[in-house]
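Shown next: my_file06.pdb, given as PDB, C-alpha atoms and all ligand atoms.
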MODEL        1
ATOM      1  CA  MET A  27     -44.738  17.942  37.732  1.00  0.00           C
ATOM      2  CA  THR A  28     -41.381  19.013  36.397  1.00  0.00           C
ATOM      3  CA  ILE A  29     -41.854  21.230  33.389  1.00  0.00           C
ATOM      4  CA  PRO A  30     -39.227  20.604  30.706  1.00  0.00           C
ATOM      5  CA  PHE A  31     -38.257  24.176  29.923  1.00  0.00           C
ATOM      6  CA  ILE A  32     -35.904  22.950  27.288  1.00  0.00           C
ATOM      7  CA  THR A  33     -36.840  20.061  25.098  1.00  0.00           C
ATOM      8  CA  GLN A  34     -35.095  18.807  22.026  1.00  0.00           C
ATOM      9  CA  ASN A  35     -37.736  20.214  19.703  1.00  0.00           C
ATOM     10  CA  SER A  36     -39.497  23.152  21.357  1.00  0.00           C
ATOM     11  CA  VAL A  37     -39.163  25.957  23.889  1.00  0.00           C
ATOM     12  CA  VAL A  38     -41.607  26.153  26.793  1.00  0.00           C
ATOM     13  CA  PHE A  39     -42.461  29.350  28.705  1.00  0.00           C
ATOM     14  CA  GLU A  40     -45.206  31.105  30.631  1.00  0.00           C
ATOM     15  CA  CYS A  41     -47.372  33.929  29.268  1.00  0.00           C
ATOM     16  CA  ARG A  42     -49.125  35.920  31.999  1.00  0.00           C
ATOM     17  CA  THR A  43     -49.609  39.575  31.077  1.00  0.00           C
ATOM     18  CA  GLY A  44     -50.104  39.307  27.331  1.00  0.00           C
ATOM     19  CA  THR A  45     -46.682  40.815  26.602  1.00  0.00           C
ATOM     20  CA  LEU A  46     -43.627  38.629  26.113  1.00  0.00           C
ATOM     21  CA  HIS A  47     -40.073  40.033  26.112  1.00  0.00           C
ATOM     22  CA  VAL A  48     -37.730  38.089  23.855  1.00  0.00           C
ATOM     23  CA  GLY A  49     -33.999  38.599  23.476  1.00  0.00           C
ATOM     24  CA  ASP A  50     -30.453  37.776  24.582  1.00  0.00           C
ATOM     25  CA  LEU A  51     -30.421  40.138  27.637  1.00  0.00           C
ATOM     26  CA  VAL A  52     -27.535  42.057  26.019  1.00  0.00           C
ATOM     27  CA  ASN A  53     -29.449  43.856  23.277  1.00  0.00           C
ATOM     28  CA  ASP A  54     -32.832  45.482  23.875  1.00  0.00           C
ATOM     29  CA  PRO A  55     -35.569  42.852  23.916  1.00  0.00           C
ATOM     30  CA  VAL A  56     -38.437  42.880  21.451  1.00  0.00           C
ATOM     31  CA  ARG A  57     -41.997  42.860  22.819  1.00  0.00           C
ATOM     32  CA  TYR A  58     -44.503  40.412  21.432  1.00  0.00           C
ATOM     33  CA  VAL A  59     -48.195  40.713  22.195  1.00  0.00           C
ATOM     34  CA  VAL A  60     -49.587  37.235  22.799  1.00  0.00           C
ATOM     35  CA  SER A  61     -53.178  36.174  23.289  1.00  0.00           C
ATOM     36  CA  SER A  62     -52.329  32.819  24.873  1.00  0.00           C
ATOM     37  CA  THR A  63     -51.949  32.551  28.637  1.00  0.00           C
ATOM     38  CA  GLY A  64     -50.348  30.097  31.001  1.00  0.00           C
ATOM     39  CA  ILE A  65     -47.701  27.612  29.941  1.00  0.00           C
ATOM     40  CA  CYS A  66     -47.131  27.818  26.178  1.00  0.00           C
ATOM     41  CA  HIS A  67     -44.701  26.317  23.722  1.00  0.00           C
ATOM     42  CA  LEU A  68     -43.134  27.164  20.400  1.00  0.00           C
ATOM     43  CA  PRO A  69     -41.623  24.545  18.082  1.00  0.00           C
ATOM     44  CA  ALA A  70     -37.993  24.974  17.004  1.00  0.00           C
ATOM     45  CA  SER A  71     -39.128  26.037  13.518  1.00  0.00           C
ATOM     46  CA  ALA A  72     -40.834  29.156  14.955  1.00  0.00           C
ATOM     47  CA  ILE A  73     -37.487  30.885  15.631  1.00  0.00           C
ATOM     48  CA  VAL A  74     -36.708  32.253  12.173  1.00  0.00           C
ATOM     49  CA  PRO A  75     -33.864  34.338  10.686  1.00  0.00           C
ATOM     50  CA  ALA A  76     -35.240  37.835  10.078  1.00  0.00           C
ATOM     51  CA  ASP A  77     -32.934  40.613   8.968  1.00  0.00           C
ATOM     52  CA  ASN A  78     -34.612  43.971   9.515  1.00  0.00           C
ATOM     53  CA  ALA A  79     -38.063  42.436   9.784  1.00  0.00           C
ATOM     54  CA  ALA A  80     -40.635  43.852  12.176  1.00  0.00           C
ATOM     55  CA  HIS A  81     -40.283  42.404  15.662  1.00  0.00           C
ATOM     56  CA  SER A  82     -36.795  41.096  14.952  1.00  0.00           C
ATOM     57  CA  PHE A  83     -34.179  40.927  17.701  1.00  0.00           C
ATOM     58  CA  SER A  84     -30.388  40.681  17.643  1.00  0.00           C
ATOM     59  CA  VAL A  85     -28.521  37.836  19.350  1.00  0.00           C
ATOM     60  CA  ASP A  86     -24.843  38.449  20.149  1.00  0.00           C
ATOM     61  CA  ASN A  87     -24.189  35.853  22.836  1.00  0.00           C
ATOM     62  CA  ALA A  88     -25.866  32.741  21.459  1.00  0.00           C
ATOM     63  CA  GLN A  89     -28.883  32.733  23.762  1.00  0.00           C
ATOM     64  CA  ILE A  90     -32.548  33.749  23.697  1.00  0.00           C
ATOM     65  CA  PHE A  91     -34.790  34.307  26.731  1.00  0.00           C
ATOM     66  CA  PHE A  92     -38.598  34.300  26.634  1.00  0.00           C
ATOM     67  CA  ILE A  93     -39.799  36.290  29.662  1.00  0.00           C
ATOM     68  CA  ASP A  94     -43.223  37.621  30.572  1.00  0.00           C
ATOM     69  CA  SER A  95     -43.025  41.448  30.698  1.00  0.00           C
ATOM     70  CA  ASP A  96     -43.738  41.665  34.462  1.00  0.00           C
ATOM     71  CA  HIS A  97     -40.512  39.822  35.243  1.00  0.00           C
ATOM     72  CA  TYR A  98     -38.170  40.960  32.484  1.00  0.00           C
ATOM     73  CA  GLU A  99     -36.206  43.545  34.499  1.00  0.00           C
ATOM     74  CA  THR A 100     -35.858  41.245  37.511  1.00  0.00           C
ATOM     75  CA  ILE A 101     -34.627  38.272  35.507  1.00  0.00           C
ATOM     76  CA  ALA A 102     -32.387  40.332  33.201  1.00  0.00           C
ATOM     77  CA  THR A 103     -30.744  42.016  36.201  1.00  0.00           C
ATOM     78  CA  ALA A 104     -30.223  38.742  38.061  1.00  0.00           C
ATOM     79  CA  VAL A 105     -28.661  37.027  35.032  1.00  0.00           C
ATOM     80  CA  SER A 106     -26.436  40.056  34.396  1.00  0.00           C
ATOM     81  CA  ASP A 107     -25.366  40.165  38.072  1.00  0.00           C
ATOM     82  CA  ASN A 108     -24.260  36.547  37.718  1.00  0.00           C
ATOM     83  CA  GLY A 109     -22.012  37.289  34.752  1.00  0.00           C
ATOM     84  CA  ASN A 110     -24.384  36.335  31.936  1.00  0.00           C
ATOM     85  CA  ILE A 111     -22.668  32.961  31.570  1.00  0.00           C
ATOM     86  CA  THR A 112     -24.052  30.872  28.696  1.00  0.00           C
ATOM     87  CA  PRO A 113     -25.799  28.606  29.601  1.00  0.00           C
ATOM     88  CA  ASN A 114     -26.420  28.688  33.354  1.00  0.00           C
ATOM     89  CA  HIS A 115     -29.287  26.257  33.850  1.00  0.00           C
ATOM     90  CA  ASP A 116     -28.808  26.001  37.628  1.00  0.00           C
ATOM     91  CA  LEU A 117     -29.235  29.758  37.995  1.00  0.00           C
ATOM     92  CA  TYR A 118     -32.279  29.814  35.702  1.00  0.00           C
ATOM     93  CA  ALA A 119     -33.941  27.050  37.729  1.00  0.00           C
ATOM     94  CA  LYS A 120     -33.338  29.037  40.939  1.00  0.00           C
ATOM     95  CA  LEU A 121     -34.701  32.251  39.412  1.00  0.00           C
ATOM     96  CA  ARG A 122     -37.849  30.491  38.155  1.00  0.00           C
ATOM     97  CA  ALA A 123     -38.547  29.192  41.647  1.00  0.00           C
ATOM     98  CA  LEU A 124     -37.611  32.420  43.465  1.00  0.00           C
ATOM     99  CA  HIS A 125     -39.676  34.741  41.252  1.00  0.00           C
ATOM    100  CA  LYS A 126     -42.410  32.231  40.434  1.00  0.00           C
ATOM    101  CA  THR A 127     -42.131  32.851  36.725  1.00  0.00           C
ATOM    102  CA  GLN A 128     -41.522  30.130  34.177  1.00  0.00           C
ATOM    103  CA  PHE A 129     -39.412  31.887  31.576  1.00  0.00           C
ATOM    104  CA  GLY A 130     -38.055  30.058  28.556  1.00  0.00           C
ATOM    105  CA  TYR A 131     -34.467  29.786  27.425  1.00  0.00           C
ATOM    106  CA  VAL A 132     -32.645  28.451  24.362  1.00  0.00           C
ATOM    107  CA  VAL A 133     -28.917  28.432  23.605  1.00  0.00           C
ATOM    108  CA  ALA A 134     -27.788  28.323  19.963  1.00  0.00           C
ATOM    109  CA  GLY A 135     -27.640  24.782  18.627  1.00  0.00           C
ATOM    110  CA  GLU A 136     -29.603  23.376  21.550  1.00  0.00           C
ATOM    111  CA  LEU A 137     -32.784  22.663  19.641  1.00  0.00           C
ATOM    112  CA  PHE A 138     -32.435  20.214  16.796  1.00  0.00           C
ATOM    113  CA  ASP A 139     -33.379  21.420  13.333  1.00  0.00           C
ATOM    114  CA  CYS A 140     -33.768  24.997  14.559  1.00  0.00           C
ATOM    115  CA  PRO A 141     -32.629  27.938  12.400  1.00  0.00           C
ATOM    116  CA  PHE A 142     -31.184  29.499  15.580  1.00  0.00           C
ATOM    117  CA  ASP A 143     -27.762  27.832  15.642  1.00  0.00           C
ATOM    118  CA  SER A 144     -25.526  30.901  15.872  1.00  0.00           C
ATOM    119  CA  ASP A 145     -25.667  34.661  16.492  1.00  0.00           C
ATOM    120  CA  GLY A 146     -27.744  36.791  14.142  1.00  0.00           C
ATOM    121  CA  THR A 147     -31.083  38.524  13.818  1.00  0.00           C
ATOM    122  CA  PHE A 148     -34.205  36.494  14.456  1.00  0.00           C
ATOM    123  CA  ALA A 149     -37.964  36.806  14.871  1.00  0.00           C
ATOM    124  CA  LEU A 150     -40.670  34.554  16.244  1.00  0.00           C
ATOM    125  CA  ASP A 151     -43.423  33.097  14.102  1.00  0.00           C
ATOM    126  CA  LEU A 152     -46.151  33.377  16.728  1.00  0.00           C
ATOM    127  CA  SER A 153     -48.687  31.649  14.490  1.00  0.00           C
ATOM    128  CA  GLN A 154     -46.989  28.471  15.767  1.00  0.00           C
ATOM    129  CA  LEU A 155     -47.527  29.370  19.459  1.00  0.00           C
ATOM    130  CA  ARG A 156     -49.664  26.843  21.319  1.00  0.00           C
ATOM    131  CA  GLU A 157     -50.970  26.735  24.879  1.00  0.00           C
ATOM    132  CA  GLY A 158     -49.824  23.935  27.154  1.00  0.00           C
ATOM    133  CA  LEU A 159     -46.891  21.609  26.847  1.00  0.00           C
ATOM    134  CA  PRO A 160     -45.834  19.999  23.566  1.00  0.00           C
ATOM    135  CA  ASP A 161     -47.814  16.821  22.792  1.00  0.00           C
ATOM    136  CA  LYS A 162     -44.636  14.890  22.552  1.00  0.00           C
ATOM    137  CA  ILE A 163     -42.069  15.957  25.119  1.00  0.00           C
ATOM    138  CA  VAL A 164     -38.678  15.020  23.836  1.00  0.00           C
ATOM    139  CA  GLY A 165     -35.928  15.257  26.409  1.00  0.00           C
ATOM    140  CA  PHE A 166     -32.329  15.830  25.533  1.00  0.00           C
ATOM    141  CA  ALA A 167     -30.954  12.984  23.526  1.00  0.00           C
ATOM    142  CA  THR A 168     -28.198  11.367  25.541  1.00  0.00           C
ATOM    143  CA  ASP A 169     -26.478   9.185  22.969  1.00  0.00           C
ATOM    144  CA  GLU A 170     -22.918  10.245  22.203  1.00  0.00           C
ATOM    145  CA  GLN A 171     -23.654  11.352  18.650  1.00  0.00           C
ATOM    146  CA  ALA A 172     -26.412  13.715  19.832  1.00  0.00           C
ATOM    147  CA  LEU A 173     -24.279  15.086  22.682  1.00  0.00           C
ATOM    148  CA  LEU A 174     -21.286  15.696  20.409  1.00  0.00           C
ATOM    149  CA  ARG A 175     -23.523  17.279  17.802  1.00  0.00           C
ATOM    150  CA  ARG A 176     -24.947  19.721  20.334  1.00  0.00           C
ATOM    151  CA  ILE A 177     -21.479  20.913  21.341  1.00  0.00           C
ATOM    152  CA  ILE A 178     -20.169  21.136  17.773  1.00  0.00           C
ATOM    153  CA  SER A 179     -23.283  22.895  16.527  1.00  0.00           C
ATOM    154  CA  SER A 180     -22.950  25.536  19.234  1.00  0.00           C
ATOM    155  CA  MET A 181     -19.163  25.946  19.398  1.00  0.00           C
ATOM    156  CA  ASN A 182     -18.077  25.034  15.828  1.00  0.00           C
ATOM    157  CA  THR A 183     -15.252  23.019  17.401  1.00  0.00           C
ATOM    158  CA  LEU A 184     -14.696  20.227  19.902  1.00  0.00           C
ATOM    159  CA  VAL A 185     -12.288  20.531  22.841  1.00  0.00           C
ATOM    160  CA  CYS A 186     -11.623  17.757  25.375  1.00  0.00           C
ATOM    161  CA  ALA A 187     -13.086  18.775  28.765  1.00  0.00           C
ATOM    162  CA  SER A 188     -10.523  16.670  30.629  1.00  0.00           C
ATOM    163  CA  CYS A 189      -7.118  17.582  29.150  1.00  0.00           C
ATOM    164  CA  PHE A 190      -8.185  20.775  27.316  1.00  0.00           C
ATOM    165  CA  SER A 191      -5.389  20.159  24.782  1.00  0.00           C
ATOM    166  CA  ALA A 192      -7.038  17.791  22.302  1.00  0.00           C
ATOM    167  CA  GLU A 193      -9.283  19.461  19.745  1.00  0.00           C
ATOM    168  CA  ILE A 194     -11.132  18.629  16.541  1.00  0.00           C
ATOM    169  CA  MET A 195     -11.610  21.775  14.489  1.00  0.00           C
ATOM    170  CA  SER A 196     -12.468  20.535  11.033  1.00  0.00           C
ATOM    171  CA  HIS A 197     -13.914  17.656   9.078  1.00  0.00           C
ATOM    172  CA  PRO A 198     -11.473  15.896   6.686  1.00  0.00           C
ATOM    173  CA  GLU A 199     -13.749  16.471   3.678  1.00  0.00           C
ATOM    174  CA  LEU A 200     -16.114  19.259   4.694  1.00  0.00           C
ATOM    175  CA  GLY A 201     -13.520  21.533   6.274  1.00  0.00           C
ATOM    176  CA  GLY A 202     -13.666  23.752   9.332  1.00  0.00           C
ATOM    177  CA  SER A 203     -17.104  25.305   9.102  1.00  0.00           C
ATOM    178  CA  PRO A 204     -20.482  24.794   7.478  1.00  0.00           C
ATOM    179  CA  VAL A 205     -20.688  26.368   4.016  1.00  0.00           C
ATOM    180  CA  GLY A 206     -23.962  27.694   2.673  1.00  0.00           C
ATOM    181  CA  PRO A 207     -27.404  28.257   4.155  1.00  0.00           C
ATOM    182  CA  GLY A 208     -28.859  25.292   5.999  1.00  0.00           C
ATOM    183  CA  LYS A 209     -25.561  23.391   5.883  1.00  0.00           C
ATOM    184  CA  LYS A 210     -24.779  23.655   9.596  1.00  0.00           C
ATOM    185  CA  LYS A 211     -27.035  20.710  10.424  1.00  0.00           C
ATOM    186  CA  ASP A 212     -25.252  18.410   7.946  1.00  0.00           C
ATOM    187  CA  TRP A 213     -21.814  19.655   8.950  1.00  0.00           C
ATOM    188  CA  SER A 214     -22.334  19.251  12.698  1.00  0.00           C
ATOM    189  CA  LEU A 215     -23.682  15.729  12.180  1.00  0.00           C
ATOM    190  CA  ALA A 216     -20.707  14.789   9.948  1.00  0.00           C
ATOM    191  CA  MET A 217     -18.332  16.296  12.519  1.00  0.00           C
ATOM    192  CA  ALA A 218     -19.952  14.300  15.329  1.00  0.00           C
ATOM    193  CA  ASN A 219     -19.566  11.086  13.344  1.00  0.00           C
ATOM    194  CA  HIS A 220     -15.954  11.996  12.509  1.00  0.00           C
ATOM    195  CA  ALA A 221     -15.247  12.556  16.229  1.00  0.00           C
ATOM    196  CA  ILE A 222     -16.746   9.168  17.159  1.00  0.00           C
ATOM    197  CA  ALA A 223     -14.744   7.449  14.387  1.00  0.00           C
ATOM    198  CA  SER A 224     -11.628   9.167  15.801  1.00  0.00           C
ATOM    199  CA  GLY A 225     -12.244   7.718  19.261  1.00  0.00           C
ATOM    200  CA  TRP A 226     -13.946  10.678  20.958  1.00  0.00           C
ATOM    201  CA  THR A 227     -17.014  10.424  23.130  1.00  0.00           C
ATOM    202  CA  ALA A 228     -19.305  12.691  25.159  1.00  0.00           C
ATOM    203  CA  ILE A 229     -21.058  11.846  28.389  1.00  0.00           C
ATOM    204  CA  PRO A 230     -24.095  13.537  30.005  1.00  0.00           C
ATOM    205  CA  GLU A 231     -22.205  14.875  32.995  1.00  0.00           C
ATOM    206  CA  GLU A 232     -21.641  18.398  34.341  1.00  0.00           C
ATOM    207  CA  GLY A 233     -18.382  19.943  33.211  1.00  0.00           C
ATOM    208  CA  GLY A 234     -16.809  21.313  30.080  1.00  0.00           C
ATOM    209  CA  PHE A 235     -19.872  22.382  28.199  1.00  0.00           C
ATOM    210  CA  GLY A 236     -22.789  22.836  30.580  1.00  0.00           C
ATOM    211  CA  GLU A 237     -24.174  19.406  31.288  1.00  0.00           C
ATOM    212  CA  ILE A 238     -22.049  17.659  28.640  1.00  0.00           C
ATOM    213  CA  THR A 239     -18.458  16.455  28.991  1.00  0.00           C
ATOM    214  CA  PRO A 240     -16.615  15.684  25.729  1.00  0.00           C
ATOM    215  CA  LEU A 241     -13.566  13.422  26.023  1.00  0.00           C
ATOM    216  CA  CYS A 242     -10.674  12.859  23.594  1.00  0.00           C
ATOM    217  CA  PRO A 243      -9.546   9.258  22.849  1.00  0.00           C
ATOM    218  CA  VAL A 244      -6.733   9.393  25.463  1.00  0.00           C
ATOM    219  CA  CYS A 245      -8.946  10.736  28.261  1.00  0.00           C
ATOM    220  CA  LYS A 246     -11.755   8.375  27.261  1.00  0.00           C
ATOM    221  CA  THR A 247      -9.387   5.397  27.669  1.00  0.00           C
ATOM    222  CA  GLN A 248      -8.083   6.720  31.000  1.00  0.00           C
ATOM    223  CA  ARG A 249     -11.606   7.066  32.345  1.00  0.00           C
ATOM    224  CA  GLU A 250     -12.532   3.532  31.286  1.00  0.00           C
ATOM    225  CA  SER A 251      -9.444   1.923  32.844  1.00  0.00           C
TER     226      SER A 251
HETATM  227 ZN    ZN A 301      -8.342  14.740  26.627  1.00  0.00          ZN
ENDMDL
END
As structure tokens:
Amino acid sequence: MTIPFITQNSVVFECRTGTLHVGDLVNDPVRYVVSSTGICHLPASAIVPADNAAHSFSVDNAQIFFIDSDHYETIATAVSDNGNITPNHDLYAKLRALHKTQFGYVVAGELFDCPFDSDGTFALDLSQLREGLPDKIVGFATDEQALLRRIISSMNTLVCASCFSAEIMSHPELGGSPVGPGKKKDWSLAMANHAIASGWTAIPEEGGFGEITPLCPVCKTQRES
């Protein structure tokens, strides 16, 4: 069975020793004591903004790892040795197999309707932790609106992965960035729709932004011809 370590609506990881290290591998991780064992999952809503709260952790490079304490040093060192590129799903898959540990990983904006959509200080609401896989495993949405939204939500801009010169940086009415708490979701969706209306697309293909390739109207037409 292939375990979906990233789904659209939850993060999946293994708890083995009862201590989970959570963080971005740049700042010191925070340790959570967990009573669940084996494969567990947390819904997107369990990653909450938490300035100065107990068990909060800082994120400065838009990613969060969930690693059982036995393997934290090994995984953190291996990711660091490979340049700490965000995200590097091929490397993470190799490390999970090599070290036989199923750590979890989320990049900002990757989970839909998740408060973690940019750098900041966060904490986990472990009351939402459940053993096993999510009941409903939702894979990455592959329609162009969802793909564009994932890039925009993470990068706050959209650059063509083919010509690297075309860019959409702001919405005609909403401007260049989400304004106000909770507005990022609405803004990134409006931006995705604006990009589609302007002739952009995104395809689920390696290149540009991880496993997504955004294309401007000119490059989209060239590819189709
Ligand atoms: Zn282009």
Once you add 3 Å to each side, what are the centre and edge lengths of the axis-aligned box holding all listed atoms of segment 104-109 of chain A? One decimal in Å, as JSON, if you can.
{"center_x": -26.1, "center_y": 38.4, "center_z": 36.2, "size_x": 14.2, "size_y": 9.6, "size_z": 9.7}
Query raised in the report: Given the file above and the PyMOL selection byres (((not hetatm)) within 12 of (chain A and resi 301)), which residues are selected, and can you give them as an NGL selection string?
Result: :A and (184-194 or 225-228 or 234 or 239-249)
Requested in this report: Measure the distance from atom CA of Ser214 of chain A to atom CA of Arg176 of chain A in Å and round it to one decimal.
Outcome: 8.1 Å
**Report entry** Å distance separating atom CA of Ala88 of chain A from atom CA of Val37 of chain A, one decimal place
**Finding:**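 Atom CA of Val37 of chain A lies 15.1 Å from atom CA of Ala88 of chain A.
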Query raised in the report: Which of these residues is nearest to Thr45 of chain A, using all atoms listed in the file: A:Asp212, A:Glu199, A:Asp94, A:Asp139?
Result: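 Distance minimum relative to Thr45 of chain A lands on A:Asp94.
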Query raised in the report: Which residue, A:Lys211, A:Arg42, A:Arg175, A:His81, has the smallest gap to Ser62 of chain A when you use all atoms listed in the file?
Result: A:Arg42
Query raised in the report: What gap, in Å, lies between atom CA of Ala76 of chain A and atom CA of Thr127 of chain A?
Result: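 For atom CA of Ala76 of chain A relative to atom CA of Thr127 of chain A, the distance reads 28.0 Å.
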**Report entry** Hits from the PyMOL selection byres (((chain A and resi 100) around 12) and not hetatm), listed as a list of chain:residue names
**Finding:** A:Leu51, A:Ile93, A:Asp94, A:Ser95, A:Asp96, A:His97, A:Tyr98, A:Glu99, A:Ile101, A:Ala102, A:Thr103, A:Ala104, A:Val105, A:Ser106, A:Asp107, A:Leu121, A:Arg122, A:Leu124, A:His125, A:Lys126, A:Thr127, A:Phe129
Query raised in the report: If we count only C-alpha atoms, what is near segment 154-161 of chain A at a cut-off of 8 Å, once residues fewer than 5 positions away on the same chain are taken out, given as a ChimeraX atom specification?
Result: /A:36,38,62-69,72
Report task. Report as a PyMOL selection string the full result of the PyMOL selection byres (((chain A and resi 87) around 12) and not hetatm) when it is applied to this structure. Result -> chain A and resi 49-53+84-86+88-91+110-113+132-134+142-147+180-181
**Report entry** Pick from A:Gln171, A:Asn35, A:Ser203, A:Thr43, whichever lies nearest to Asn219 of chain A using only C-alpha atoms
**Finding:**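 For Asn219 of chain A, the nearest of the given residues is A:Gln171.
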Report task. Skip Leu150 of chain A itself and residues of its chain fewer than 2 positions away, then list as a list of chain:residue names all residues within 8 Å of it, counting only C-alpha atoms. Result -> A:Ala72, A:Ile73, A:Val74, A:His81, A:Ser82, A:Phe148, A:Leu152
Report task. Write out as a VMD selection string the residues lying within 9 Å of His197 of chain A, counting all atoms listed in the file and excluding same-chain residues fewer than 5 positions away. Result -> chain A and resid 202 to 203 213 216 to 217 220 to 221
